[in-house]
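Participant: Got a structure for you, questions after.
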Amino acid sequence: MIEIETRKSVEVVDLTPLVEAELKKSGVEAGICLVYTPHTTTGVIINEADPRLIQDILKLISDMAPEGAGYQHDRSDGNAHAHLRAVLLGNSASIPVEKNRLALGTWQRVLFFELDGPRPRRVFVKILADSN
């Protein structure tokens with residue numbers, strides 16, 4: 001498990017080195033690595049960590065689920081926009097493992113999106129070995 005202390009209301013954290021460390025500890029040579037966030041106002045995706053692309057992603061989800069748009073959930077917690085943005089991103093990513101390495105593309109990174117921070121967060125990393 002990875003623990004994160006986010007510092008902003010909206011923040012993107014590159015988890016790749018932390019996930020790679022968990023994979024190394026596991027010793028698994030081939031299989032699947034599952035990265036999962038149990039928080040309903042966070043997301044996990046695989047994409048480039050280019051700051052301009054991240055800003056584009058944040059703008060896209062903000063445009064699709066704007067804050068204060070009259071959501072029912074805002075009547076209780078006021079953070080419906082964060083939940084809806086998390087739905088758009090998803091809460092997990094599965095990555096093939098080959099030769100004890102994440103089989104990511106050249107520019108791909110494992111990105112954690114905080115959408116309702118700052119808060120302490122947990123991310124589960126489960127590595128499943130091939131049975132071959």
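Within each chain, counting starts at residue 1; across the structure tokens, chains are named A, B, ... in the order shown, with ligands numbered 1 upward in that order.
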Could you name the residues that touch stretch 105-118 of chain A at 6 Å or less, counting only C-alpha atoms, but leaving out those on the same chain fewer than 4 positions away, as a ChimeraX atom specification?
Facilitator: /A:6-16,41-48,82
Participant: Applying 12 Å and only C-alpha atoms, which residues near A:Cys33 remain after dropping the ones on its own chain fewer than 4 positions away? List them as an MDAnalysis selection string.
Facilitator: chainID A and resid 16 19:24 26 28:29 92:98 100:104 110 124:130
Participant: Taking only C-alpha atoms into account, which of A:Gly78, A:Gly68, A:Pro38, A:Gly27 comes nearest A:Ile2?
Facilitator: A:Pro38
Participant: Residues of stretch 5-107 of chain A classed as alpha helix (DSSP H) by DSSP on the backbone are to be reported as a PDB file with N, CA and C atoms, in the first residue's frame.
Facilitator:
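Okay, selection.pdb is ready:
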```pdb
ATOM      1  N   THR A  16       4.358   6.399 -10.379  1.00  0.00           N
ATOM      2  CA  THR A  16       5.150   5.387 -11.071  1.00  0.00           C
ATOM      3  C   THR A  16       6.328   4.878 -10.236  1.00  0.00           C
ATOM      4  N   PRO A  17       7.176   5.749  -9.679  1.00  0.00           N
ATOM      5  CA  PRO A  17       8.304   5.225  -8.906  1.00  0.00           C
ATOM      6  C   PRO A  17       7.878   4.423  -7.680  1.00  0.00           C
ATOM      7  N   LEU A  18       6.788   4.841  -7.053  1.00  0.00           N
ATOM      8  CA  LEU A  18       6.293   4.131  -5.865  1.00  0.00           C
ATOM      9  C   LEU A  18       5.723   2.767  -6.235  1.00  0.00           C
ATOM     10  N   VAL A  19       5.017   2.699  -7.357  1.00  0.00           N
ATOM     11  CA  VAL A  19       4.473   1.420  -7.834  1.00  0.00           C
ATOM     12  C   VAL A  19       5.624   0.502  -8.251  1.00  0.00           C
ATOM     13  N   GLU A  20       6.616   1.056  -8.940  1.00  0.00           N
ATOM     14  CA  GLU A  20       7.777   0.257  -9.343  1.00  0.00           C
ATOM     15  C   GLU A  20       8.504  -0.316  -8.128  1.00  0.00           C
ATOM     16  N   ALA A  21       8.594   0.455  -7.055  1.00  0.00           N
ATOM     17  CA  ALA A  21       9.233  -0.025  -5.826  1.00  0.00           C
ATOM     18  C   ALA A  21       8.460  -1.209  -5.236  1.00  0.00           C
ATOM     19  N   GLU A  22       7.124  -1.112  -5.247  1.00  0.00           N
ATOM     20  CA  GLU A  22       6.299  -2.224  -4.757  1.00  0.00           C
ATOM     21  C   GLU A  22       6.505  -3.465  -5.624  1.00  0.00           C
ATOM     22  N   LEU A  23       6.597  -3.274  -6.920  1.00  0.00           N
ATOM     23  CA  LEU A  23       6.824  -4.388  -7.836  1.00  0.00           C
ATOM     24  C   LEU A  23       8.174  -5.046  -7.568  1.00  0.00           C
ATOM     25  N   LYS A  24       9.215  -4.252  -7.395  1.00  0.00           N
ATOM     26  CA  LYS A  24      10.550  -4.800  -7.107  1.00  0.00           C
ATOM     27  C   LYS A  24      10.516  -5.646  -5.837  1.00  0.00           C
ATOM     28  N   LYS A  25       9.847  -5.123  -4.793  1.00  0.00           N
ATOM     29  CA  LYS A  25       9.751  -5.861  -3.527  1.00  0.00           C
ATOM     30  C   LYS A  25       9.055  -7.202  -3.703  1.00  0.00           C
ATOM     31  N   SER A  26       8.098  -7.258  -4.626  1.00  0.00           N
ATOM     32  CA  SER A  26       7.319  -8.486  -4.812  1.00  0.00           C
ATOM     33  C   SER A  26       8.131  -9.596  -5.456  1.00  0.00           C
ATOM     34  N   PRO A  51       3.114  18.298 -17.902  1.00  0.00           N
ATOM     35  CA  PRO A  51       2.288  19.268 -17.154  1.00  0.00           C
ATOM     36  C   PRO A  51       1.188  19.911 -17.992  1.00  0.00           C
ATOM     37  N   ARG A  52       1.449  20.172 -19.260  1.00  0.00           N
ATOM     38  CA  ARG A  52       0.412  20.789 -20.097  1.00  0.00           C
ATOM     39  C   ARG A  52      -0.723  19.806 -20.378  1.00  0.00           C
ATOM     40  N   LEU A  53      -0.381  18.539 -20.577  1.00  0.00           N
ATOM     41  CA  LEU A  53      -1.429  17.532 -20.779  1.00  0.00           C
ATOM     42  C   LEU A  53      -2.248  17.366 -19.503  1.00  0.00           C
ATOM     43  N   ILE A  54      -1.587  17.356 -18.365  1.00  0.00           N
ATOM     44  CA  ILE A  54      -2.308  17.237 -17.095  1.00  0.00           C
ATOM     45  C   ILE A  54      -3.269  18.409 -16.929  1.00  0.00           C
ATOM     46  N   GLN A  55      -2.840  19.611 -17.283  1.00  0.00           N
ATOM     47  CA  GLN A  55      -3.735  20.775 -17.221  1.00  0.00           C
ATOM     48  C   GLN A  55      -4.920  20.591 -18.169  1.00  0.00           C
ATOM     49  N   ASP A  56      -4.666  20.013 -19.335  1.00  0.00           N
ATOM     50  CA  ASP A  56      -5.756  19.746 -20.288  1.00  0.00           C
ATOM     51  C   ASP A  56      -6.749  18.731 -19.720  1.00  0.00           C
ATOM     52  N   ILE A  57      -6.232  17.686 -19.085  1.00  0.00           N
ATOM     53  CA  ILE A  57      -7.111  16.673 -18.481  1.00  0.00           C
ATOM     54  C   ILE A  57      -7.951  17.312 -17.375  1.00  0.00           C
ATOM     55  N   LEU A  58      -7.305  18.106 -16.532  1.00  0.00           N
ATOM     56  CA  LEU A  58      -8.032  18.771 -15.442  1.00  0.00           C
ATOM     57  C   LEU A  58      -9.096  19.727 -15.989  1.00  0.00           C
ATOM     58  N   LYS A  59      -8.785  20.428 -17.057  1.00  0.00           N
ATOM     59  CA  LYS A  59      -9.784  21.323 -17.675  1.00  0.00           C
ATOM     60  C   LYS A  59     -10.941  20.527 -18.252  1.00  0.00           C
ATOM     61  N   LEU A  60     -10.626  19.418 -18.912  1.00  0.00           N
ATOM     62  CA  LEU A  60     -11.673  18.574 -19.496  1.00  0.00           C
ATOM     63  C   LEU A  60     -12.642  18.078 -18.423  1.00  0.00           C
ATOM     64  N   ILE A  61     -12.112  17.510 -17.336  1.00  0.00           N
ATOM     65  CA  ILE A  61     -13.020  16.984 -16.315  1.00  0.00           C
ATOM     66  C   ILE A  61     -13.737  18.101 -15.572  1.00  0.00           C
ATOM     67  N   SER A  62     -13.086  19.261 -15.454  1.00  0.00           N
ATOM     68  CA  SER A  62     -13.747  20.415 -14.843  1.00  0.00           C
ATOM     69  C   SER A  62     -14.892  20.917 -15.718  1.00  0.00           C
ATOM     70  N   ASP A  63     -14.663  20.934 -17.026  1.00  0.00           N
ATOM     71  CA  ASP A  63     -15.723  21.351 -17.952  1.00  0.00           C
ATOM     72  C   ASP A  63     -16.890  20.360 -17.947  1.00  0.00           C
ATOM     73  N   MET A  64     -16.561  19.074 -17.807  1.00  0.00           N
ATOM     74  CA  MET A  64     -17.606  18.047 -17.835  1.00  0.00           C
ATOM     75  C   MET A  64     -18.387  17.969 -16.527  1.00  0.00           C
ATOM     76  N   ALA A  80     -19.903  17.255  -4.845  1.00  0.00           N
ATOM     77  CA  ALA A  80     -20.394  16.379  -5.918  1.00  0.00           C
ATOM     78  C   ALA A  80     -19.492  16.444  -7.136  1.00  0.00           C
ATOM     79  N   HIS A  81     -18.998  17.626  -7.458  1.00  0.00           N
ATOM     80  CA  HIS A  81     -18.123  17.763  -8.625  1.00  0.00           C
ATOM     81  C   HIS A  81     -16.908  16.854  -8.529  1.00  0.00           C
ATOM     82  N   ALA A  82     -16.346  16.694  -7.322  1.00  0.00           N
ATOM     83  CA  ALA A  82     -15.172  15.828  -7.142  1.00  0.00           C
ATOM     84  C   ALA A  82     -15.538  14.360  -7.368  1.00  0.00           C
ATOM     85  N   HIS A  83     -16.692  13.948  -6.882  1.00  0.00           N
ATOM     86  CA  HIS A  83     -17.150  12.569  -7.116  1.00  0.00           C
ATOM     87  C   HIS A  83     -17.370  12.323  -8.605  1.00  0.00           C
ATOM     88  N   LEU A  84     -18.007  13.262  -9.265  1.00  0.00           N
ATOM     89  CA  LEU A  84     -18.299  13.093 -10.695  1.00  0.00           C
ATOM     90  C   LEU A  84     -17.023  13.072 -11.526  1.00  0.00           C
ATOM     91  N   ARG A  85     -16.066  13.892 -11.177  1.00  0.00           N
ATOM     92  CA  ARG A  85     -14.780  13.892 -11.886  1.00  0.00           C
ATOM     93  C   ARG A  85     -14.058  12.566 -11.679  1.00  0.00           C
ATOM     94  N   ALA A  86     -14.154  12.017 -10.475  1.00  0.00           N
ATOM     95  CA  ALA A  86     -13.533  10.719 -10.200  1.00  0.00           C
ATOM     96  C   ALA A  86     -14.174   9.618 -11.043  1.00  0.00           C
ATOM     97  N   VAL A  87     -15.480   9.707 -11.234  1.00  0.00           N
ATOM     98  CA  VAL A  87     -16.174   8.736 -12.084  1.00  0.00           C
ATOM     99  C   VAL A  87     -15.610   8.781 -13.501  1.00  0.00           C
ATOM    100  N   LEU A  88     -15.331   9.977 -13.997  1.00  0.00           N
ATOM    101  CA  LEU A  88     -14.794  10.124 -15.347  1.00  0.00           C
ATOM    102  C   LEU A  88     -13.406   9.510 -15.481  1.00  0.00           C
ATOM    103  N   LEU A  89     -12.602   9.587 -14.426  1.00  0.00           N
ATOM    104  CA  LEU A  89     -11.233   9.067 -14.470  1.00  0.00           C
ATOM    105  C   LEU A  89     -11.155   7.573 -14.185  1.00  0.00           C
TER     106      LEU A  89
END
```
